[in-house]
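> Dropping the structure in here first, questions after.
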Amino acid sequence: MKIEAERNPHKISWFLAPTVALIEQQKDVIAAAIPVPVGLISGASEPDQWKDAEMWKKLLSTHRIMVSTPQILLDALNHGYVHLSQIGLLIFDEAHHATAKHPYNLIMSFFYAMLPPRSGNESLTAAVRPMILGLTASPIYGGGDVSRAFLELERNLDSVVRSSRQNREELALFVHRPVFEYVEYPLPRYSREQVTWSGPSHNLLALQVVVSRLDIEDDPYVKSLRVQLEKLPMGDQRHRVDQKLSKVIGKQDSFTHKGLKSFLNTAADICYDLGPWAADWFIATVIAMAQSSSSLYNNIMASWQEKEKRYLLSMLAGVELAPVSQDPDDIMRGLSARVRRLIQTLSREEEISRLQDEAYSGIVFVQRRDSVLVLGEILSRLPATSQLFRIGCLLGSSNSFKRHSFLDITRALLKETPTDVIQDFRNGDKNLIVSTAVAEEGLDIQACGNVIRFDPPPNMVAWAQSRGRARRKKSRFIIMFDNVNGHSRVQEWEEMERQMMALYNATDRDLPAEDEDEAEDNLTQFKVEATGALLTLNSVMGHLFHFCAVLPSSGHGRHIPCFDLDPPDFPAEWHSTREDLQPHPGPWTASCILPRVLPARLRKFTTDFSYSSKLLAQKHAAFEAYVTLYEEGFLNDNLLPFTSAIEGDSHEEVKLLLEEVEKEAGVQNVSVQMDPWYMPGQSDWFCYELEFASLPPLHMFTRQALPTLAQDDLPSLYVPGQPPIIVRFLPKPDVVISGGMITQAEAYTERLFKTLHGARMISGQTDFVYLFLPAKARRDEKKWEERRTWMAERHGRREHTRDEGRDRASVTAFCEKFGSTLDLSLVRSNDKPSKALRFVGWHDGPLSDEEADELRERYEDSDVDIFFPLLVVQELPRRANFLIPLADESSGLRNTEPFLLIPSEAMTDLISRDDMDYALYLPSILRGLAKVITVASLRDTLLASTPLSAIPTELLTVAITAPVSQEENYQRLETLGDTVLKYTISIQLFADHPWWHEGYLSRRKDHAVNNSRLAKEAVGKGLHKWIIRDRYSPRKWKPRYVSDQVSPQTPPPETKTEDAIEKDEKEMTPKERRAASRRKKNQQLSTKVMADIVESLMGAAYEHGSFDLAIHCARLFGLGLPRWEPISVRIDEILARVEEVEGLPSQLGLVERMIGYQFKRKMLLVEALTHASYQGDLENVSYERLEFLGDAALDMVVTHYLYHAPGKKYSPGHMHLRKEALVNSHLLAFLCLDTHLVLDATMPSWTPSEGLQENTEENHVYLYQCLLHSSHFVMDDQLNTRRRYEKSRDQILRELKKSTYYPWASLTSIQAPKFISDLFESLLGAVLLDAEGNLDAVRAVLKTLGLYSIMERIVADDVDVLHPISRVAIWAAKQDPKKDLDVKVERDKGNITCSVLVDEELVAEVSERYRGKTTKQGVRFAAADAAIRKLGIIEQEEPDDVDDVGWPDEVPQYEW
């Protein structure tokens, strides 16, 4: 591998080993020896992640050596993620496995053989076969013909078997062949068959009595099948259940019966091999563990069904156990001669090691896994061995998807993990391992000095492999044989070993003939040329079962494919007659039946030919099914269902794109956000006329041409006490702009803004991005210029005071020169010169005593001299942002009256009142214009050729304004747009993919609307340029200069040490910390901001032009859909595929009456009512697709209502809260359970006195009962849910109608299965389609079902809808210091308990009998509800608590 890594940088080396333990071990060795990246992949490392093609590309490009189990590589090759031509060297560890259908052999036969051979002259990148290296200690598998085994292995691996030829003498110094011995033991006096009837183990005999009494008809599985059979109509499903029942009765192998018989057989083997004490202990221990594991939640028996568990325990309870002695002498007497001989051998071997001054280390190989456990227990209990040996047990792990019967229980006897045992053995903490064959192959177990085979090796490989564990110098290899069969096979294995060594260099061998079925497997293939993905008969079953497993399910287990054989295994109803059967010799045909969620034409596939075996017929049917699924678009080019093939996450890609945008803006010294006033390189000036209120017009000069702005688009000003002020802005192209004019404008602009904003301006700097100048000469301008000249002369003669400036004079000096004029504008008190006050007039006296006292108090001087006239002034308006509309006429008005100032203690600004108003209002006007110009730019470029350009400026402005601006922003529109987008895309996908099931539709929708996808499309359109993110802070405003640092818009954060940051955070309140965290997030141009803008534009389009305009918006961004069409067009496409059939179910009319809607297309209603288990004659799909559509329609109706709720203007968080309260499955299920009809029925009765009479009875028919299904599980769920509903109905209705709090806990107490709420949504989907997309029809149904009235009350009465768990979480988060909340859910003995702990102290606890996932939700809500009451949380809440926490992002995510 090192040479290959250095030789060819274009290909990788791939090291394969058959077990996870081996690859982990070999990866560490390889990485330590070769200085290149080494990767490790196994099925244990999150297998779903290996279904991402991009991840495979990245993996292969960043590693030079890969280490994996063979199935991983085979799957990657099958799905086209890896091509064998990308591998330069392929290494097979334990290469003797490369036979038959092992993944080693499949890799070679299906992929290696398809590539051209290496010539030696090809380029390093040529698509040729990789070099092959196989590693094994024994190049044969199984026993028998060595020559044939060599030939097969060489053929399969296209290699030659070789041993080392050079330096063999030197090699021999490091290879220590162990000393071989064998020991014999006498067989028991009873046979293996007699042990269960007359053997020495009391507990084994007792267990045999119970097993012999088993009756298959008592088995829960058989009873369940008989119940199903009674309820099913004639048809395919009944035929399958009939066959299952006959098969389990014919073979007497139900899961529990097979498990009990297996338990008996294992115990019998233990009794025969290890002795009666071992069998007694094993039986007693396993039964005790099974009884202690009877809790529904104990993982030891996790694979057992509850009824099976009860049946099993009832059987085990009948075993009359005898107590098992713990006395070592009794144990020794109860052991077999074989075990006693092992103990003697171990003691002798330990003594030999001691005499050689070596620490003992040994392995005992045992064939049966249960015998390993029992033997380890025996050796640990006996003083003769427990004092000499530190014992560990090692078993192979079983990860099969099949249930394991008693293996589930006995595996719990193992006290330590294999990793821990091996590690302890390596470091000497253990010196004896009792192991199955798992320790034979390859594991890097410390070279030990003693290997004992308790059971003789079953074949040559086991002989060689186990002997190879004895690697230490002077090591010993011992095999135990009985004294009857003897050790004759040792000579056979030694002869085979000699043959192996003789054949290492042989070349003239004939290839064996290919097996007929194997040839068939190799011929039947389907390859996707685009990726190289390959489907074979060997792989098709796993693929098809996986496809069905990921289909959406409404509960009651996962979907699986079914197979029907022709002829069937049993005649119909054989389980009742049980006549003698002769096995059918074949051939067979097979049919593969797929779940009902697929369309009828894709549900059944039958082979065209007969096949010699049942399995081969089933594989061919499955093969046809899977190829058809690919051709119909249900699989991707990697032959995986779309829900398994993970689309590459584009989040990192979008992040890099945004970083590139920021970087490019920095290089060009521009803002990421469009600058409406300035672009580098502009030298011309453009003139506009600005007019507002009654002020004289101004000329405004800009450094770039501005778009034409309609009058309706211009901002209005909202000044307290005045009507809205209209702003007019017109281009003046006829104005000739001279250099002198610009100079004047620079001086005027500086003087104008310096009045109110001078503290933040740089004196003398005039490179403004915009300039102002009166459009016409004003009558008072000459007078004010004279006054400024006077002040400048005083300044030049140094006659001014410290606080005076060129444009600011002492009021006393001013009045001495110009008199007490009435045209002053701004006055400042000498003690607060930064605070400008509006001049009102003069007060000539006299003052009242109260006025005089107030004036002296203002100056804090009781002796202050008061001379008339006094200044009358008033504070400027409190509001500084005049773009925000006023709530009413009195909003924003100061409640302070004018007050007096002494002229000698005041200064006045030398500007006119018009200029003062300009300085006051222009910042708001400039902000408003900047936003309007940004919107106009967006409209004139990105939206120019689309109907979206008609969206009003006001709406577009809100849509592109980010929350960080702290103005009215896109958040509400984004919430609306998110729902509009999901609704419209749901209909597009529903129409585009008529055969996709709900799982595919949901996955595709989620992929199209996730933030990364939306952000990527937004960046691609350059939308970031028009996002308004800069913050307008009127009180910190200053005019823009060309020399300003333009990028970034927000000041860079001050660099602080970690200690400083921690100190700042400690000084903040929890509310301040949360606000700071939100600001930090919002200031970044993030993926979420980009995605939010797309959704807010969708919301704006919907608000202005309903769904048609929203479709245009979606079409602009594409979102990966090939086409976007109006909803009406899509609905027509969908309805064109709806067929009407005869013989519809009778309950359709009842459902129509219940929901208040008459269907024109009855098949839509049939589909909405059809559960996946339904086995009727109708061929429609089940309701999941309509439920997908109904879910989107329900969200749309509810979100639209909440967004437009009169007088509310809910924030996104509050909309989210209320929507969750209205669309959650608990409420929908309750309404479905509550909807019913009352039908009058006449029932005749007869009495001797009255004769024949007719009595009228009321029959209640409920909506949930109209579900079409063929499952007794569904029926049981319906009945149980109904009982819980009846208990809580009155309380829930009362709370929904009158309570100020939403009844979360009461609703979840019903614990309704998902299919009930699914039925509610599927009906809405059917109504939407039948009404041709008219949401008003959906609204009408929601009113009939009661949801609309609940929604109206929640809004009208401000019902508190906060989830109980969230309420507790919010309360804990806002405590100072923050409290630690822990919600624990535990299951024990059939109950489930939820505990709420605050700072590790138990606050509330609720327990219930466990019935499934809904029970877990119910106890969580109930416990949280109890905690709320106990802690008095509601009484402590403030109105803004929910908003303050930042709902919903910062509330812990609990299951609701």
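Please note that chains go A, B, ... in the order of the structure tokens, that every chain numbers its residues from 1, and that ligands are numbered from 1 in the order shown.
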Please report, as a PyMOL selection string, each residue of segment 757-923 of chain A to which DSSP assigns strand (DSSP E) when run on this structure's backbone.
chain A and resi 770-774+808-810+826-829+832-843+870-875+899-901+906-909
> Write out as a list in words each polymer residue whose atoms come within 10 Å of Leu1319 of chain A, counting only C-alpha atoms; drop sequence neighbours fewer than 5 positions from it.
Ala1168, Leu1169, Thr1170, His1171, Tyr1183, Glu1184, Leu1186, Glu1187, Gly1190, Leu1228, Ala1229, Cys1232, Leu1263, Tyr1264, Cys1266, Leu1267, Lys1314, Leu1324 and Gly1325 of chain A
> Give the alpha helix (DSSP H) residues of segment 75-145 of chain A, as assigned by DSSP on the backbone, as a list in words.
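Selection result, alpha helix (DSSP H) within segment 75-145 of chain A: Asp75, Ala76, Leu77, Asn78, Pro103, Tyr104, Asn105, Leu106 and Ile107 of chain A.
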> Identify which of the residues A:Ile1027, A:Ala1100, A:Ala880, A:Leu274 lies closest to Leu981 of chain A, counting only C-alpha atoms when measuring atom-to-atom distances.
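For Leu981 of chain A, the nearest of the candidates is A:Ala1100.
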> Quick one: everything within 12 Å of Arg189 of chain A, counting only C-alpha atoms, minus sequence neighbours fewer than 3 positions away in the same chain. Send it as a PyMOL selection string.
chain A and resi 186+192-195+198-200+272-273+275+336-337
> Which residues are near Gly88 of chain A? Cut-off 10 Å, only C-alpha atoms, ignore same chain within fewer than 6 positions. Put them as a PyMOL selection string.
chain A and resi 1+4-5+7-14+124-132
> Filtering to all heavy atoms, could you give me those residues as a short mmCIF file (atom, residue, chain, number, x, y, z; two decimals), in the first residue's frame?

```cif
data_model
loop_
_atom_site.label_atom_id
_atom_site.label_comp_id
_atom_site.auth_asym_id
_atom_site.auth_seq_id
_atom_site.Cartn_x
_atom_site.Cartn_y
_atom_site.Cartn_z
N MET A 1 0.83 -1.21 0.00
CA MET A 1 0.00 0.00 0.00
C MET A 1 0.87 1.26 0.00
O MET A 1 0.54 2.24 -0.65
CB MET A 1 -0.94 0.00 1.21
CG MET A 1 -2.10 -0.96 1.08
SD MET A 1 -3.29 -0.82 2.42
CE MET A 1 -2.35 -1.57 3.75
N GLU A 4 2.17 1.66 -3.54
CA GLU A 4 1.10 2.09 -4.44
C GLU A 4 0.74 3.55 -4.19
O GLU A 4 0.47 4.30 -5.13
CB GLU A 4 -0.13 1.19 -4.27
CG GLU A 4 -1.33 1.57 -5.12
CD GLU A 4 -1.08 1.44 -6.62
OE1 GLU A 4 -0.04 0.86 -7.02
OE2 GLU A 4 -1.92 1.93 -7.40
N ALA A 5 0.72 3.96 -2.94
CA ALA A 5 0.40 5.36 -2.62
C ALA A 5 1.45 6.30 -3.19
O ALA A 5 1.14 7.42 -3.63
CB ALA A 5 0.29 5.55 -1.11
N ARG A 7 3.40 5.44 -5.85
CA ARG A 7 3.48 5.23 -7.30
C ARG A 7 2.38 5.95 -8.05
O ARG A 7 2.62 6.57 -9.09
CB ARG A 7 3.41 3.73 -7.60
CG ARG A 7 3.59 3.36 -9.07
CD ARG A 7 3.26 1.89 -9.30
NE ARG A 7 1.83 1.64 -9.23
CZ ARG A 7 0.99 1.80 -10.27
NH1 ARG A 7 1.45 2.21 -11.42
NH2 ARG A 7 -0.29 1.53 -10.13
N ASN A 8 1.15 5.88 -7.54
CA ASN A 8 0.01 6.40 -8.31
C ASN A 8 -0.82 7.35 -7.44
O ASN A 8 -1.61 6.90 -6.60
CB ASN A 8 -0.87 5.26 -8.80
CG ASN A 8 -1.91 5.72 -9.81
OD1 ASN A 8 -2.19 6.91 -9.92
ND2 ASN A 8 -2.49 4.78 -10.54
N PRO A 9 -0.67 8.65 -7.63
CA PRO A 9 -1.43 9.61 -6.82
C PRO A 9 -2.88 9.76 -7.26
O PRO A 9 -3.65 10.47 -6.62
CB PRO A 9 -0.65 10.91 -7.02
CG PRO A 9 -0.05 10.78 -8.40
CD PRO A 9 0.26 9.32 -8.56
N HIS A 10 -3.26 9.10 -8.38
CA HIS A 10 -4.60 9.29 -8.94
C HIS A 10 -5.60 8.24 -8.48
O HIS A 10 -6.79 8.39 -8.69
CB HIS A 10 -4.53 9.27 -10.47
CG HIS A 10 -3.57 10.27 -11.04
ND1 HIS A 10 -3.83 11.63 -11.03
CD2 HIS A 10 -2.35 10.13 -11.61
CE1 HIS A 10 -2.81 12.28 -11.59
NE2 HIS A 10 -1.90 11.40 -11.94
N LYS A 11 -5.13 7.17 -7.86
CA LYS A 11 -6.02 6.11 -7.42
C LYS A 11 -5.75 5.80 -5.95
O LYS A 11 -4.71 6.14 -5.41
CB LYS A 11 -5.84 4.86 -8.28
CG LYS A 11 -6.26 5.06 -9.74
CD LYS A 11 -6.31 3.74 -10.49
CE LYS A 11 -6.79 3.96 -11.92
NZ LYS A 11 -7.00 2.69 -12.64
N ILE A 12 -6.72 5.15 -5.34
CA ILE A 12 -6.59 4.83 -3.92
C ILE A 12 -6.38 3.33 -3.75
O ILE A 12 -6.64 2.53 -4.65
CB ILE A 12 -7.82 5.28 -3.11
CG1 ILE A 12 -9.06 4.49 -3.53
CG2 ILE A 12 -8.05 6.76 -3.26
CD1 ILE A 12 -10.24 4.72 -2.62
N SER A 13 -5.92 2.94 -2.59
CA SER A 13 -5.86 1.54 -2.19
C SER A 13 -7.02 1.27 -1.25
O SER A 13 -7.37 2.12 -0.43
CB SER A 13 -4.54 1.23 -1.49
OG SER A 13 -3.45 1.43 -2.36
N TRP A 14 -7.61 0.08 -1.38
CA TRP A 14 -8.79 -0.24 -0.55
C TRP A 14 -8.52 -1.55 0.17
O TRP A 14 -8.26 -2.58 -0.47
CB TRP A 14 -10.04 -0.36 -1.41
CG TRP A 14 -11.30 -0.12 -0.63
CD1 TRP A 14 -11.77 -0.87 0.39
CD2 TRP A 14 -12.24 0.94 -0.82
NE1 TRP A 14 -12.95 -0.34 0.87
CE2 TRP A 14 -13.27 0.77 0.14
CE3 TRP A 14 -12.31 2.01 -1.69
CZ2 TRP A 14 -14.34 1.63 0.23
CZ3 TRP A 14 -13.40 2.87 -1.61
CH2 TRP A 14 -14.39 2.68 -0.65
N LEU A 124 -1.65 6.14 -15.66
CA LEU A 124 -1.99 6.00 -14.22
C LEU A 124 -3.47 6.18 -13.97
O LEU A 124 -3.99 5.74 -12.94
CB LEU A 124 -1.18 7.02 -13.40
CG LEU A 124 0.33 6.79 -13.36
CD1 LEU A 124 1.00 7.90 -12.56
CD2 LEU A 124 0.67 5.43 -12.74
N THR A 125 -4.17 6.85 -14.87
CA THR A 125 -5.61 7.11 -14.66
C THR A 125 -6.48 6.17 -15.48
O THR A 125 -7.71 6.31 -15.48
CB THR A 125 -5.95 8.56 -15.05
OG1 THR A 125 -5.56 8.77 -16.42
CG2 THR A 125 -5.21 9.55 -14.17
N ALA A 126 -5.91 5.19 -16.17
CA ALA A 126 -6.68 4.30 -17.04
C ALA A 126 -7.72 3.52 -16.25
O ALA A 126 -7.48 3.09 -15.12
CB ALA A 126 -5.73 3.35 -17.77
N ALA A 127 -8.89 3.31 -16.86
CA ALA A 127 -9.98 2.56 -16.23
C ALA A 127 -9.74 1.07 -16.43
O ALA A 127 -10.31 0.43 -17.33
CB ALA A 127 -11.31 2.98 -16.81
N VAL A 128 -8.87 0.50 -15.63
CA VAL A 128 -8.52 -0.92 -15.73
C VAL A 128 -8.74 -1.59 -14.37
O VAL A 128 -9.03 -0.94 -13.37
CB VAL A 128 -7.05 -1.09 -16.17
CG1 VAL A 128 -6.86 -0.57 -17.59
CG2 VAL A 128 -6.11 -0.39 -15.19
N ARG A 129 -8.59 -2.91 -14.37
CA ARG A 129 -8.76 -3.67 -13.14
C ARG A 129 -7.71 -3.26 -12.10
O ARG A 129 -6.56 -3.03 -12.45
CB ARG A 129 -8.63 -5.16 -13.43
CG ARG A 129 -9.70 -5.70 -14.35
CD ARG A 129 -9.43 -7.16 -14.69
NE ARG A 129 -10.48 -7.70 -15.56
CZ ARG A 129 -10.47 -8.93 -16.06
NH1 ARG A 129 -9.45 -9.75 -15.78
NH2 ARG A 129 -11.46 -9.34 -16.82
N PRO A 130 -8.10 -3.20 -10.85
CA PRO A 130 -7.10 -2.93 -9.81
C PRO A 130 -6.22 -4.15 -9.59
O PRO A 130 -6.57 -5.27 -9.95
CB PRO A 130 -7.95 -2.65 -8.57
CG PRO A 130 -9.21 -3.39 -8.80
CD PRO A 130 -9.46 -3.35 -10.29
N MET A 131 -5.06 -3.92 -9.01
CA MET A 131 -4.22 -5.04 -8.56
C MET A 131 -4.88 -5.69 -7.35
O MET A 131 -5.53 -4.99 -6.55
CB MET A 131 -2.83 -4.53 -8.21
CG MET A 131 -2.05 -4.01 -9.40
SD MET A 131 -0.38 -3.45 -8.97
CE MET A 131 -0.78 -1.92 -8.12
N ILE A 132 -4.76 -7.00 -7.22
CA ILE A 132 -5.42 -7.75 -6.16
C ILE A 132 -4.37 -8.39 -5.26
O ILE A 132 -3.40 -9.01 -5.73
CB ILE A 132 -6.32 -8.86 -6.74
CG1 ILE A 132 -7.39 -8.26 -7.67
CG2 ILE A 132 -6.98 -9.66 -5.62
CD1 ILE A 132 -8.36 -7.32 -7.00
#
```
> Excluding Phe282 of chain A and any residue of its chain fewer than 6 positions from it, enumerate the residues within 12 Å of it, using only C-alpha atoms, and give them as an MDAnalysis selection string.
chainID A and resid 201:204 207 263:264 266:271 274:276 288:289 321 323:324 370:378 409:410 413
> Go ahead and save the picked residues with C-alpha atoms, as a PDB file, in the first residue's frame.

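To be explicit, this is the file written out as selection-v3.pdb:
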```
ATOM      1  CA  SER A 201     -30.656 -32.709  35.084  1.00  0.00           C
ATOM      2  CA  HIS A 202     -33.827 -32.110  37.064  1.00  0.00           C
ATOM      3  CA  ASN A 203     -34.453 -28.701  35.518  1.00  0.00           C
ATOM      4  CA  LEU A 204     -33.968 -30.073  32.007  1.00  0.00           C
ATOM      5  CA  LEU A 207     -38.444 -27.970  30.982  1.00  0.00           C
ATOM      6  CA  PHE A 263     -34.064 -23.285  24.700  1.00  0.00           C
ATOM      7  CA  LEU A 264     -34.685 -26.961  25.435  1.00  0.00           C
ATOM      8  CA  THR A 266     -29.532 -25.755  23.977  1.00  0.00           C
ATOM      9  CA  ALA A 267     -30.010 -26.877  27.571  1.00  0.00           C
ATOM     10  CA  ALA A 268     -29.808 -30.519  26.463  1.00  0.00           C
ATOM     11  CA  ASP A 269     -26.541 -29.853  24.615  1.00  0.00           C
ATOM     12  CA  ILE A 270     -25.155 -28.113  27.698  1.00  0.00           C
ATOM     13  CA  CYS A 271     -26.184 -31.053  29.887  1.00  0.00           C
ATOM     14  CA  LEU A 274     -20.890 -29.774  30.349  1.00  0.00           C
ATOM     15  CA  GLY A 275     -22.907 -31.781  32.842  1.00  0.00           C
ATOM     16  CA  PRO A 276     -26.196 -31.644  34.778  1.00  0.00           C
ATOM     17  CA  ALA A 288     -35.045 -15.871  36.119  1.00  0.00           C
ATOM     18  CA  MET A 289     -33.765 -13.340  33.606  1.00  0.00           C
ATOM     19  CA  LEU A 321     -37.259 -25.683  38.973  1.00  0.00           C
ATOM     20  CA  PRO A 323     -32.619 -25.038  43.468  1.00  0.00           C
ATOM     21  CA  VAL A 324     -29.106 -24.978  42.042  1.00  0.00           C
ATOM     22  CA  ASP A 370     -24.303 -20.549  25.223  1.00  0.00           C
ATOM     23  CA  SER A 371     -21.672 -23.117  26.208  1.00  0.00           C
ATOM     24  CA  VAL A 372     -19.101 -20.309  26.278  1.00  0.00           C
ATOM     25  CA  LEU A 373     -21.198 -18.436  28.826  1.00  0.00           C
ATOM     26  CA  VAL A 374     -21.821 -21.481  31.010  1.00  0.00           C
ATOM     27  CA  LEU A 375     -18.239 -22.701  30.842  1.00  0.00           C
ATOM     28  CA  GLY A 376     -16.997 -19.235  31.795  1.00  0.00           C
ATOM     29  CA  GLU A 377     -19.362 -19.323  34.780  1.00  0.00           C
ATOM     30  CA  ILE A 378     -18.102 -22.753  35.874  1.00  0.00           C
ATOM     31  CA  ILE A 409     -32.136 -13.196  26.796  1.00  0.00           C
ATOM     32  CA  THR A 410     -28.934 -15.202  26.951  1.00  0.00           C
ATOM     33  CA  LEU A 413     -25.472 -13.042  30.487  1.00  0.00           C
TER      34      LEU A 413
END
```
> May I have the residues within 10 Å of segment 967-973 of chain A as a PyMOL selection string, using only C-alpha atoms and disregarding those fewer than 3 positions away in the same chain?
chain A and resi 883-884+955-964+976-978+1028-1029+1031-1033+1089+1092-1093+1095-1103+1203+1209-1213+1215
